[in-house]
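Trainee: First, the structure itself, so that you have it in front of you.
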Amino acid sequence: MSKILTETFTPDEAGLVHAVDVLRSGGILAFPTETVYGLGADATNDSAIARIFSAKGRPSFNPLIVHFSDLNIAKTHVCWPESAEILAREFCPGAMTFVLKKKAKSPLSLLLSAGLPSIAIRIPDHPIAHQLLNIFDGPVAAPSANPSGAISSTSAEHVLNGLAGRIEGIIDGGQCKLGLESTIVDLTERPRLLRPGSITIKAIEQVLGEKLILNGPKDIIISPGQANSHYAPSASVRLNATDKLAGEVLLGFGQMACDLNLSLTSNLTEAAANLFAYLHHLDDGKNTQIAVASIPEIGLGLAINDRLERAAAPRD
Ligand code: TXA
Ligand code: MG
């Protein structure tokens, strides 16, 4: 694929107008959200959606999340059960993605849902994403803005390192606050967790008043994007490290000697926010082995461990 010029837009009115022009003309544009950077395209434009798959090297069977500025507009595209209403009252806008049955008359591109009868929707809680969606005045499909299978991007620099020359533009909105992707809940039948994320299982079950069905063993892939090897740095990854072996750099957690520490005070929110940024930092092309300390399997730790296990999984 020949290289294209990737423009960086400032997150002010003039920058956003240019960014929206990219979307309107069928281009692809990275933008910040509170979770990670997204790589957006007009969700009703098949050729723009195809560009996303090709820029990321993403398999076309892996569907995309559609982002809306407003929940009421999102509802016009999907069947909306009571469970969605209850969760949306608490978590919308925010880091929750809802998988719902698509209405037959929805004009969303068939390509973005990879042939599934369902659609994943999210209302991001980020002022720049919100303004972009508002000015564009339409649905924007956006996967995380990274080459397929690689570490997600929590800054404009990460996006450019992975995708410069393959996308028309990026809005630089600084660091993403949460640093970990949204939690995905499938509400097409009984509520089921498809991907742990920034909103914890416990918080969701409390609001819902019932247990979520959790996915089975990791080799049963219900969400097509939940491949075993994912979020992978170029370096190899060893988990549950207590110290570093020869040739390794150590990503620590809590009080310990290490090269970088996800959270000195063992704070899981801080660790989640730092996770991808620190993996990018340690994966500098010189280090070939990254060891990572063990993270408690509670609360946000479940989502952090989900990402780390996939980062450490055997590569194809
Ligand atoms: O925080 C996030 O969710 C970010 C920001 C940009 O919104 N997006 C993100 O997108 O993480 P992506 O494409 O990297 O991950 C979306 C996941 C994939 O695993 C995909 O398979 C799953 O959502 N997905 C999308 N549509 C689905 C559907 N209809 N049914 C089941 N899983 C779906
Ligand atoms: Mg992703």
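Numbering starts fresh at 1 for the residues of each chain in the structure tokens, the chains themselves are lettered A, B, ... in the order given, and ligands are numbered from 1 as they appear.
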May I have a table of the residues of chain A lying at most 8 Å from ligand 1, giving each one's closest pair of atoms and their distance in Å to one decimal, counting only C-alpha atoms and all ligand atoms, ordered by chain and ascending residue number, as a Markdown table?
Mentor:
```
| residue | atom | partner | partner_atom_place_in_ligand_line | distance |
| --- | --- | --- | --- | --- |
| A:Pro32 | CA | ligand 1 | 6 (C) | 7.7 |
| A:Thr33 | CA | ligand 1 | 6 (C) | 6.4 |
| A:Glu34 | CA | ligand 1 | 1 (O) | 7.7 |
| A:Thr35 | CA | ligand 1 | 1 (O) | 4.8 |
| A:Val36 | CA | ligand 1 | 5 (C) | 5.5 |
| A:Tyr37 | CA | ligand 1 | 6 (C) | 5.3 |
| A:Gly38 | CA | ligand 1 | 6 (C) | 3.5 |
| A:Leu39 | CA | ligand 1 | 6 (C) | 6.8 |
| A:Asn62 | CA | ligand 1 | 21 (O) | 4.8 |
| A:Pro63 | CA | ligand 1 | 25 (C) | 4.4 |
| A:Leu64 | CA | ligand 1 | 25 (C) | 4.5 |
| A:Ile65 | CA | ligand 1 | 25 (C) | 5.0 |
| A:His67 | CA | ligand 1 | 7 (O) | 7.1 |
| A:Ala95 | CA | ligand 1 | 1 (O) | 6.2 |
| A:Met96 | CA | ligand 1 | 3 (O) | 7.4 |
| A:Thr97 | CA | ligand 1 | 3 (O) | 6.4 |
| A:Val99 | CA | ligand 1 | 29 (N) | 5.5 |
| A:Leu100 | CA | ligand 1 | 29 (N) | 7.2 |
| A:Leu112 | CA | ligand 1 | 26 (N) | 7.9 |
| A:Ser113 | CA | ligand 1 | 29 (N) | 5.7 |
| A:Ala114 | CA | ligand 1 | 29 (N) | 7.9 |
| A:Leu116 | CA | ligand 1 | 29 (N) | 6.0 |
| A:Pro117 | CA | ligand 1 | 29 (N) | 7.2 |
| A:Ser118 | CA | ligand 1 | 29 (N) | 4.4 |
| A:Ile119 | CA | ligand 1 | 29 (N) | 4.1 |
| A:Ala120 | CA | ligand 1 | 26 (N) | 4.4 |
| A:Ile121 | CA | ligand 1 | 26 (N) | 7.9 |
| A:Arg122 | CA | ligand 1 | 7 (O) | 6.8 |
| A:Pro124 | CA | ligand 1 | 7 (O) | 6.9 |
| A:Ala142 | CA | ligand 1 | 6 (C) | 5.5 |
| A:Pro143 | CA | ligand 1 | 13 (O) | 3.3 |
| A:Ser144 | CA | ligand 1 | 14 (O) | 4.0 |
| A:Ala145 | CA | ligand 1 | 6 (C) | 7.0 |
| A:Ser152 | CA | ligand 1 | 14 (O) | 7.6 |
| A:Leu180 | CA | ligand 1 | 1 (O) | 6.7 |
| A:Glu181 | CA | ligand 1 | 1 (O) | 3.4 |
| A:Ser182 | CA | ligand 1 | 1 (O) | 3.7 |
| A:Thr183 | CA | ligand 1 | 3 (O) | 6.9 |
| A:Ile184 | CA | ligand 1 | 23 (O) | 6.8 |
| A:Asp186 | CA | ligand 1 | 31 (C) | 7.0 |
| A:Leu194 | CA | ligand 1 | 32 (N) | 6.8 |
| A:Arg195 | CA | ligand 1 | 19 (O) | 7.3 |
| A:Gly197 | CA | ligand 1 | 1 (O) | 7.9 |
| A:Ile222 | CA | ligand 1 | 31 (C) | 6.8 |
| A:Ser223 | CA | ligand 1 | 32 (N) | 4.0 |
| A:Pro224 | CA | ligand 1 | 21 (O) | 4.1 |
| A:Gly225 | CA | ligand 1 | 19 (O) | 3.2 |
| A:Gln226 | CA | ligand 1 | 19 (O) | 5.0 |
| A:Ala227 | CA | ligand 1 | 19 (O) | 7.9 |
```
Trainee: List as a VMD selection string the protein and nucleic acid residues near Ser234 of chain A, meaning an atom at most 9 Å away when only C-alpha atoms are counted, but skip any in the same chain fewer than 4 places from it.
Mentor: chain A and resid 150 283 to 285 288 to 289
Trainee: Where does DSSP see strand (DSSP E) in segment 108-271 of chain A, if you list the residues as number ranges by chain?
Mentor: A: 118-122, 140-141, 169-171, 183-186, 192-195, 213-214, 236-238, 248-252, 260-261
Trainee: Emit the selected residues as a compact mmCIF listing (two decimals), in the first residue's frame, including N, CA, C and O atoms.
Mentor:
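And here is the file that came out, selection_10.txt:
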```
# COMPACT_ATOMS: atom_id res chain seq x y z
N SER A 118 -25.80 -8.68 15.02
CA SER A 118 -25.70 -7.73 16.14
C SER A 118 -24.75 -6.58 15.80
O SER A 118 -23.96 -6.67 14.85
N ILE A 119 -24.84 -5.53 16.62
CA ILE A 119 -23.97 -4.36 16.47
C ILE A 119 -23.45 -3.98 17.85
O ILE A 119 -24.18 -4.05 18.84
N ALA A 120 -22.18 -3.58 17.92
CA ALA A 120 -21.62 -3.08 19.18
C ALA A 120 -21.69 -1.56 19.16
O ALA A 120 -21.25 -0.93 18.19
N ILE A 121 -22.26 -0.96 20.22
CA ILE A 121 -22.36 0.51 20.25
C ILE A 121 -21.75 1.07 21.53
O ILE A 121 -21.77 0.42 22.58
N ARG A 122 -21.22 2.30 21.40
CA ARG A 122 -20.66 2.97 22.59
C ARG A 122 -20.84 4.48 22.46
O ARG A 122 -20.72 5.02 21.35
N VAL A 140 -19.87 6.80 13.92
CA VAL A 140 -18.46 6.59 13.53
C VAL A 140 -18.00 5.22 14.04
O VAL A 140 -18.02 4.95 15.24
N ALA A 141 -17.63 4.35 13.11
CA ALA A 141 -17.09 3.04 13.48
C ALA A 141 -15.64 3.22 13.86
O ALA A 141 -14.89 3.90 13.15
N GLY A 169 -5.55 11.19 9.14
CA GLY A 169 -5.33 12.18 10.18
C GLY A 169 -5.48 11.63 11.58
O GLY A 169 -5.92 10.50 11.79
N ILE A 170 -5.06 12.49 12.53
CA ILE A 170 -5.23 12.17 13.95
C ILE A 170 -5.51 13.46 14.70
O ILE A 170 -4.91 14.50 14.40
N ILE A 171 -6.42 13.40 15.64
CA ILE A 171 -6.62 14.53 16.56
C ILE A 171 -5.78 14.21 17.79
O ILE A 171 -5.97 13.18 18.44
N THR A 183 -15.52 -2.09 28.55
CA THR A 183 -16.07 -3.41 28.89
C THR A 183 -17.17 -3.71 27.87
O THR A 183 -18.01 -2.85 27.61
N ILE A 184 -17.14 -4.92 27.28
CA ILE A 184 -18.17 -5.25 26.27
C ILE A 184 -19.17 -6.23 26.87
O ILE A 184 -18.79 -7.30 27.37
N VAL A 185 -20.44 -5.84 26.81
CA VAL A 185 -21.52 -6.68 27.34
C VAL A 185 -22.48 -7.01 26.21
O VAL A 185 -22.94 -6.11 25.49
N ASP A 186 -22.76 -8.29 26.04
CA ASP A 186 -23.70 -8.74 25.00
C ASP A 186 -25.09 -8.84 25.63
O ASP A 186 -25.30 -9.62 26.58
N ARG A 192 -24.20 -11.03 28.99
CA ARG A 192 -22.98 -11.83 28.96
C ARG A 192 -21.78 -10.90 28.78
O ARG A 192 -21.81 -9.98 27.97
N LEU A 193 -20.74 -11.14 29.54
CA LEU A 193 -19.51 -10.36 29.40
C LEU A 193 -18.71 -10.90 28.22
O LEU A 193 -18.37 -12.08 28.19
N LEU A 194 -18.38 -10.03 27.24
CA LEU A 194 -17.55 -10.49 26.12
C LEU A 194 -16.09 -10.08 26.29
O LEU A 194 -15.19 -10.75 25.80
N ARG A 195 -15.88 -8.93 26.94
CA ARG A 195 -14.49 -8.47 27.17
C ARG A 195 -14.46 -7.72 28.48
O ARG A 195 -15.19 -6.73 28.63
N ILE A 213 -23.18 -13.63 32.57
CA ILE A 213 -22.61 -14.89 32.10
C ILE A 213 -21.19 -14.56 31.66
O ILE A 213 -20.98 -13.59 30.92
N LEU A 214 -20.23 -15.32 32.15
CA LEU A 214 -18.84 -15.05 31.77
C LEU A 214 -18.46 -16.01 30.66
O LEU A 214 -18.96 -17.12 30.59
N SER A 236 9.16 -10.41 23.71
CA SER A 236 8.38 -11.49 24.34
C SER A 236 7.93 -11.01 25.72
O SER A 236 8.51 -10.08 26.29
N VAL A 237 6.90 -11.64 26.26
CA VAL A 237 6.37 -11.21 27.57
C VAL A 237 6.32 -12.42 28.51
O VAL A 237 5.82 -13.48 28.14
N ARG A 238 6.88 -12.26 29.73
CA ARG A 238 6.80 -13.31 30.76
C ARG A 238 6.01 -12.75 31.94
O ARG A 238 6.30 -11.65 32.41
N GLU A 248 16.24 -9.39 30.62
CA GLU A 248 14.87 -8.90 30.71
C GLU A 248 14.81 -7.46 31.24
O GLU A 248 15.70 -7.02 31.98
N VAL A 249 13.73 -6.76 30.89
CA VAL A 249 13.37 -5.54 31.63
C VAL A 249 12.11 -5.91 32.41
O VAL A 249 11.30 -6.72 31.97
N LEU A 250 11.96 -5.29 33.59
CA LEU A 250 10.86 -5.69 34.48
C LEU A 250 9.84 -4.56 34.65
O LEU A 250 10.19 -3.44 35.02
N LEU A 251 8.58 -4.91 34.35
CA LEU A 251 7.47 -3.99 34.59
C LEU A 251 6.84 -4.41 35.92
O LEU A 251 6.27 -5.50 36.04
N GLY A 252 6.98 -3.54 36.92
CA GLY A 252 6.59 -3.93 38.28
C GLY A 252 5.20 -3.46 38.68
O GLY A 252 4.52 -2.75 37.95
N LEU A 260 10.21 -0.13 35.39
CA LEU A 260 9.06 0.81 35.38
C LEU A 260 8.01 0.19 36.28
O LEU A 260 7.86 -1.03 36.30
N ASN A 261 7.26 1.03 37.00
CA ASN A 261 6.28 0.49 37.94
C ASN A 261 4.86 0.94 37.57
O ASN A 261 4.59 2.14 37.47
```
Trainee: Pick the closest to ligand 2 from A:Lys244, A:His158, A:Arg307, A:Arg190: which is it, counting only C-alpha atoms and all ligand atoms?
Mentor: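 Distance minimum relative to ligand 2 lands on A:Arg307.
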